[in-house]
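Structure below is input_0.pdb: PDB, C-alpha atoms and all ligand atoms.
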MODEL        1
ATOM      1  CA  MET A  15      12.650  19.249  -6.433
ATOM      2  CA  GLN A  16      13.088  21.313  -9.574
ATOM      3  CA  ASP A  17      10.582  19.672 -11.865
ATOM      4  CA  GLY A  18       7.391  21.409 -10.731
ATOM      5  CA  GLY A  19       4.325  19.402 -11.638
ATOM      6  CA  ASN A  20       6.219  16.155 -12.017
ATOM      7  CA  SER A  21       7.606  15.986  -8.493
ATOM      8  CA  LEU A  22       4.687  13.893  -7.218
ATOM      9  CA  GLU A  23       5.099  11.537 -10.148
ATOM     10  CA  ASN A  24       8.820  11.223  -9.429
ATOM     11  CA  LEU A  25       8.169  10.547  -5.764
ATOM     12  CA  SER A  26       5.685   7.846  -6.688
ATOM     13  CA  ARG A  27       8.173   6.279  -9.109
ATOM     14  CA  PHE A  28      10.927   6.495  -6.467
ATOM     15  CA  TRP A  29       8.765   4.461  -4.080
ATOM     16  CA  ARG A  30       7.496   1.984  -6.626
ATOM     17  CA  ASP A  31      10.982   1.197  -7.901
ATOM     18  CA  ARG A  32      12.134   0.480  -4.376
ATOM     19  CA  ILE A  33       9.073  -1.471  -3.328
ATOM     20  CA  GLU A  34       9.172  -3.593  -6.454
ATOM     21  CA  GLY A  35      12.916  -4.103  -6.398
ATOM     22  CA  ARG A  36      13.738  -2.209  -9.597
ATOM     23  CA  SER A  37      16.151   0.171  -7.921
ATOM     24  CA  GLU A  38      19.857  -0.340  -7.159
ATOM     25  CA  THR A  39      19.246   1.031  -3.689
ATOM     26  CA  SER A  40      16.419  -1.401  -3.230
ATOM     27  CA  PHE A  41      16.297  -4.763  -1.492
ATOM     28  CA  ALA A  42      19.605  -5.983  -2.892
ATOM     29  CA  ILE A  43      20.379  -8.154   0.096
ATOM     30  CA  PRO A  44      21.473 -11.778   0.019
ATOM     31  CA  GLY A  45      19.115 -14.390   1.416
ATOM     32  CA  GLY A  46      15.413 -13.902   1.869
ATOM     33  CA  GLU A  47      15.302 -11.149  -0.719
ATOM     34  CA  GLU A  48      13.034 -13.081  -3.056
ATOM     35  CA  ALA A  49      10.596 -13.930  -0.262
ATOM     36  CA  PHE A  50      10.614 -10.337   0.907
ATOM     37  CA  LEU A  51       9.757  -9.066  -2.580
ATOM     38  CA  THR A  52       7.041 -11.687  -3.000
ATOM     39  CA  TRP A  53       5.514 -10.660   0.322
ATOM     40  CA  ASN A  54       5.633  -6.986  -0.658
ATOM     41  CA  ARG A  55       3.887  -7.707  -3.933
ATOM     42  CA  ARG A  56       1.205  -9.646  -2.079
ATOM     43  CA  VAL A  57       0.598  -6.832   0.400
ATOM     44  CA  ARG A  58       0.297  -4.382  -2.515
ATOM     45  CA  GLY A  59      -2.086  -6.715  -4.359
ATOM     46  CA  GLY A  60      -4.086  -7.249  -1.168
ATOM     47  CA  HIS A  61      -4.301  -3.503  -0.635
ATOM     48  CA  ARG A  62      -5.538  -3.066  -4.205
ATOM     49  CA  TRP A  63      -8.273  -5.703  -3.852
ATOM     50  CA  LEU A  64      -9.276  -4.444  -0.411
ATOM     51  CA  SER A  65      -9.778  -1.023  -1.930
ATOM     52  CA  MET A  66     -12.359  -2.543  -4.314
ATOM     53  CA  ILE A  67     -14.116  -4.398  -1.468
ATOM     54  CA  PHE A  68     -14.124  -1.241   0.630
ATOM     55  CA  THR A  69     -15.582   0.747  -2.274
ATOM     56  CA  ALA A  70     -18.290  -1.892  -2.771
ATOM     57  CA  THR A  71     -19.309  -1.661   0.894
ATOM     58  CA  VAL A  72     -19.548   2.134   0.670
ATOM     59  CA  VAL A  73     -21.644   1.876  -2.513
ATOM     60  CA  ALA A  74     -23.832  -0.746  -0.765
ATOM     61  CA  ASN A  75     -24.427   1.757   2.044
ATOM     62  CA  PHE A  76     -25.670   4.435  -0.327
ATOM     63  CA  GLY A  77     -27.693   1.864  -2.249
ATOM     64  CA  ALA A  78     -29.337   0.582   0.933
ATOM     65  CA  MET A  79     -30.091   4.134   2.095
ATOM     66  CA  ALA A  80     -32.353   4.517  -0.925
ATOM     67  CA  PHE A  81     -34.682   2.029   0.815
ATOM     68  CA  GLY A  82     -34.657   3.752   4.197
ATOM     69  CA  GLU A  83     -32.457   3.108   7.232
ATOM     70  CA  PRO A  84     -29.869   0.417   6.248
ATOM     71  CA  PRO A  85     -29.304  -2.570   8.567
ATOM     72  CA  VAL A  86     -26.467  -2.138  11.053
ATOM     73  CA  TRP A  87     -24.271  -4.791   9.412
ATOM     74  CA  ILE A  88     -24.325  -2.830   6.143
ATOM     75  CA  VAL A  89     -23.610   0.454   7.926
ATOM     76  CA  TYR A  90     -20.506  -0.984   9.614
ATOM     77  CA  SER A  91     -19.337  -3.231   6.756
ATOM     78  CA  PRO A  92     -16.762  -0.703   5.403
ATOM     79  CA  LEU A  93     -14.878  -0.717   8.713
ATOM     80  CA  ALA A  94     -13.252  -4.167   8.387
ATOM     81  CA  PRO A  95     -11.721  -3.562   4.907
ATOM     82  CA  LEU A  96     -10.834  -0.010   5.979
ATOM     83  CA  LEU A  97      -8.891  -1.316   8.973
ATOM     84  CA  LEU A  98      -7.012  -3.788   6.751
ATOM     85  CA  LEU A  99      -6.401  -0.992   4.215
ATOM     86  CA  LEU A 100      -4.981   1.165   6.988
ATOM     87  CA  LEU A 101      -2.585  -1.563   8.162
ATOM     88  CA  SER A 102      -1.458  -2.629   4.681
ATOM     89  CA  GLY A 103      -1.255   1.059   3.690
ATOM     90  CA  PHE A 104       1.082   1.798   6.593
ATOM     91  CA  TYR A 105       3.176  -1.170   5.536
ATOM     92  CA  LEU A 106       3.368   0.102   1.937
ATOM     93  CA  PHE A 107       4.183   3.565   3.236
ATOM     94  CA  ALA A 108       7.054   2.270   5.383
ATOM     95  CA  LEU A 109       8.593   0.027   2.703
ATOM     96  CA  PRO A 110      10.811   2.641   0.989
ATOM     97  CA  TYR A 111      12.325   3.565   4.349
ATOM     98  CA  VAL A 112      12.806  -0.076   5.289
ATOM     99  CA  ALA A 113      14.529  -0.538   1.920
ATOM    100  CA  THR A 114      16.938   2.288   2.718
ATOM    101  CA  TRP A 115      17.761   0.830   6.126
ATOM    102  CA  ARG A 116      18.260  -2.616   4.653
ATOM    103  CA  SER A 117      20.594  -1.437   1.902
ATOM    104  CA  ALA A 118      22.448   0.788   4.380
ATOM    105  CA  SER A 119      22.992  -2.051   6.827
ATOM    106  CA  ARG A 120      24.162  -4.213   3.937
ATOM    107  CA  ALA A 121      26.639  -1.536   2.802
ATOM    108  CA  SER A 122      28.078  -1.289   6.309
ATOM    109  CA  GLY A 123      28.547  -5.058   6.452
ATOM    110  CA  ALA A 124      25.916  -5.700   9.093
ATOM    111  CA  ASP A 125      23.602  -8.541   8.195
TER
HETATM  112  C1  LIG B 201      -6.736   3.774   5.230
HETATM  113  C2  LIG B 201      -5.538   4.244   5.048
HETATM  114  C3  LIG B 201      -4.714   4.024   3.796
HETATM  115  C4  LIG B 201      -3.373   4.152   3.754
HETATM  116  C5  LIG B 201      -2.460   4.532   4.922
HETATM  117  C6  LIG B 201      -2.945   3.874   2.393
HETATM  118  C7  LIG B 201      -1.641   3.927   1.947
HETATM  119  C8  LIG B 201      -1.210   3.563   0.695
HETATM  120  C9  LIG B 201       0.165   3.542   0.259
HETATM  121  C10 LIG B 201       1.369   3.980   1.091
HETATM  122  C11 LIG B 201       0.190   3.082  -1.007
HETATM  123  C12 LIG B 201       1.427   2.864  -1.867
HETATM  124  C13 LIG B 201       1.682   4.095  -2.716
HETATM  125  C14 LIG B 201       2.907   3.828  -3.599
HETATM  126  O1  LIG B 201       4.007   3.644  -3.053
HETATM  127  O2  LIG B 201       2.773   3.788  -4.837
HETATM  128  C15 LIG B 201      -1.174   2.832  -1.406
HETATM  129  C16 LIG B 201      -1.564   2.360  -2.648
HETATM  130  C17 LIG B 201      -2.852   2.206  -3.032
HETATM  131  N1  LIG B 201      -3.971   2.484  -2.284
HETATM  132 FE1  LIG B 201      -4.015   2.961  -0.327
HETATM  133  N2  LIG B 201      -4.042   3.585   1.628
HETATM  134  C18 LIG B 201      -5.148   3.663   2.433
HETATM  135  C19 LIG B 201      -6.459   3.484   2.040
HETATM  136  C20 LIG B 201      -6.857   3.253   0.754
HETATM  137  C21 LIG B 201      -8.248   3.293   0.289
HETATM  138  C22 LIG B 201      -9.452   3.644   1.189
HETATM  139  C23 LIG B 201      -8.216   2.984  -1.032
HETATM  140  C24 LIG B 201      -9.326   2.910  -2.017
HETATM  141  C25 LIG B 201     -10.606   2.670  -1.719
HETATM  142  C26 LIG B 201      -6.832   2.742  -1.410
HETATM  143  C27 LIG B 201      -6.398   2.379  -2.673
HETATM  144  C28 LIG B 201      -5.081   2.198  -3.036
HETATM  145  C29 LIG B 201      -4.648   1.705  -4.343
HETATM  146  C30 LIG B 201      -5.561   1.237  -5.479
HETATM  147  C31 LIG B 201      -3.260   1.705  -4.329
HETATM  148  C32 LIG B 201      -2.324   1.268  -5.462
HETATM  149  C33 LIG B 201      -1.998  -0.221  -5.251
HETATM  150  C34 LIG B 201      -1.017  -0.723  -6.310
HETATM  151  O3  LIG B 201      -0.028  -0.059  -6.589
HETATM  152  O4  LIG B 201      -1.234  -1.796  -6.835
HETATM  153  N3  LIG B 201      -6.039   2.914  -0.296
HETATM  154  N4  LIG B 201      -2.008   3.119  -0.347
ENDMDL
END

Using the file provided, produce a representation of the structure as C-alpha cells.
Amino acid sequence: MQDGGNSLENLSRFWRDRIEGRSETSFAIPGGEEAFLTWNRRVRGGHRWLSMIFTATVVANFGAMAFGEPPVWIVYSPLAPLLLLLLSGFYLFALPYVATWRSASRASGAD
C-alpha cells in the first residue's frame, strides 16, 4: 500500500464495504443474499453490544476489588461475553474472505 498512515483506514473500509454489501465484489449473489446481509448486520450489532457487556463486567471486577476479594461469579463474569466476542469476532474477521469466495463462485457459474 502506498498511502502510508491511511492504509489501516483503507483496509477497514475495504472490509466494511464488503461486510455491509456496499462493494461490487461483495455478496452480489442471487437468492438468500438479503438474509445473509441481515444476519451479518446482526452479528456485527451483537458483537458491538457484547463489547459493552464485557466492558461492564471488567469494570464491575475493579469496582468489587475496592471492597476486598470479589465473589467468584463476578471474577468469572467477563468470560461468557468474551467467548461470544471471540466467536462473533472470528465470524466478522472471516466475512470479507467468504465474500470473495462467494463472488468468485458466482463469477465461475457455480451456485
Ligand atoms: C475476543 C476476540 C475478538 C475478536 C476476534 C474480534 C474481532 C473483531 C472483528 C474482525 C471486527 C470487525 C472489524 C471490521 O471489519 O470493521 C470487530 C469489530 C468490533 N469489535 Fe471486536 N473482536 C474481539 C473482541 C472484542 C472486544 C473484547 C471488544 C470490546 C470490549 C470488541 C469490540 C468491537 C467493536 C466495538 C467492533 C465494531 C463493531 C461495529 O462495527 O459495529 N471486540 N471485532

Determine, counting all atoms listed in the file, which protein, DNA and RNA residues have an atom within 6 Å of an atom of region 55-71 of chain A; residues of the same chain fewer than 6 positions away are not included. Present the result as a PyMOL selection string. chain A and resi 92+95+99

Please write as a PyMOL selection string the full residue list that the PyMOL selection byres (((chain A and resi 54) around 12) and not hetatm) yields on this file. chain A and resi 30+32-35+41+47-53+55-61+102-103+105-110+112-113

Non-local contacts of Met79 (chain A) (12 Å; all atoms listed in the file; under 6 positions in same chain excluded) as a list in words: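 Skipping anything fewer than 6 positions along the chain leaves Val72, Val73, Pro85, Val86, Ile88 and Val89 of chain A.
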
Would you work out the distance separating atom C34 of ligand LIG 201 (chain B) from CA of Trp87 (chain A), expressed in Å to one decimal?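 Separation between atom C34 of ligand LIG 201 (chain B) and CA of Trp87 (chain A): 28.4 Å.
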
Pick from A:Leu22, A:Ala94, A:Ala74, A:Arg27, whichever lies nearest to ligand LIG 201 (chain B) using all atoms listed in the file: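 Of A:Leu22, A:Ala94, A:Ala74, A:Arg27, the one nearest ligand LIG 201 (chain B), counting all atoms listed in the file, is A:Arg27.
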
For ligand LIG 201 (chain B), the nearest of the candidates A:Phe104, A:Phe81, A:Trp115, A:Tyr90, counting all atoms listed in the file: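 Once distances to ligand LIG 201 (chain B) are computed over all atoms listed in the file, the minimum belongs to A:Phe104.
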
Considering all atoms listed in the file, can you say which of A:Trp29, A:Asn75, A:Gly82, A:Asn20 comes closest to ligand LIG 201 (chain B)?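 Among the listed residues, A:Trp29 lies closest to ligand LIG 201 (chain B).
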
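Nearest to ligand LIG 201 (chain B) of all the residues A:Thr114, A:Ser26, A:Ser21, A:Pro84 is A:Ser26, based on all atoms listed in the file.
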
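A straight line drawn from CA of Gly77 (chain A) to atom C9 of ligand LIG 201 (chain B) is 28.0 Å long.
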